[in-house]
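One structure is given below, encoded as structure tokens.
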Amino acid sequence: MASPKIDIYTKFACPFCVRAKRLLSQKGAEFTEHDITMGGPGRDEMRVRAPNAMTVPQIFIGDTHVGGSDELAALEAAGKLDALLVG
């Protein structure tokens, strides 16, 4: 079974983005990073996928909008992140 696609929308020098990417990397998860520091189509795409999102990172695992770094860490603390990463 293939792992779900992971997208993370970030901005330059964002410590929360660094934290989220570190956790995903520690889990061995491959992800696609979309740097929206200067706006552009990546920001527009993020706003379509998460209309109420105003901050970064915004993390999507498969069809699931996880939210930000705190939500990702909460999934890990609750023991639910591994199952989500498997699909």
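Labeling convention for the structure tokens: chains A, B, ... as they appear, residues from 1 per chain, ligands from 1 in order of appearance.
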
* Fewer than 2 positions away in the same chain doesn't count, so skip those; otherwise give me all residues within 12 Å of Lys21 in chain A, counting only C-alpha atoms, as a ChimeraX atom specification. => /A:6-11,14-19,23-34,56-59,68-69,72-73

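When only C-alpha atoms are used to measure the gap to Asp35 in chain A, the shortest distance among A:Arg49, A:Thr64, A:Glu71, A:Ala13 belongs to A:Ala13.
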
* Got a sec: who's within 10 Å of Ala2 in chain A, counting only C-alpha atoms, leaving out chain neighbours fewer than 6 positions off, as number ranges by chain? -> A: 85-87

Picked from range 29-80 of chain A by DSSP as strand (DSSP E or B), as a tab-separated table (two decimals) with C-alpha atoms, in the first residue's frame:
chain	number	residue	atom	x	y	z
A	32	THR	CA	6.10	18.11	-0.91
A	33	GLU	CA	6.88	21.56	0.43
A	34	HIS	CA	5.13	24.56	-1.11
A	35	ASP	CA	6.93	27.78	-0.12
A	58	GLN	CA	-0.76	24.07	6.62
A	59	ILE	CA	-0.39	20.32	6.36
A	60	PHE	CA	-2.39	17.89	4.25
A	61	ILE	CA	-1.95	14.13	4.51
A	64	THR	CA	-7.02	15.04	5.41
A	65	HIS	CA	-6.32	18.66	6.33
A	66	VAL	CA	-4.27	18.23	9.50
A	67	GLY	CA	-3.89	21.96	10.16

* Asked: Quick one: distance from CA of Leu81 in chain A to CA of Gly39 in chain A in Å, one decimal?
  ->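 Calculated distance between CA of Leu81 in chain A and CA of Gly39 in chain A is 29.0 Å.
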
* Quote the spacing between CA of Ser3 in chain A and CA of Met46 in chain A in Å to one decimal place. =>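 Result for CA of Ser3 in chain A versus CA of Met46 in chain A: 21.2 Å, one decimal.
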
* To do: Taking the DSSP assignment computed from this structure's backbone, write out as an NGL selection string all residues of range 2-77 of chain A that belong to alpha helix (DSSP H).
  => :A and (15-26 or 41-49 or 69-77)
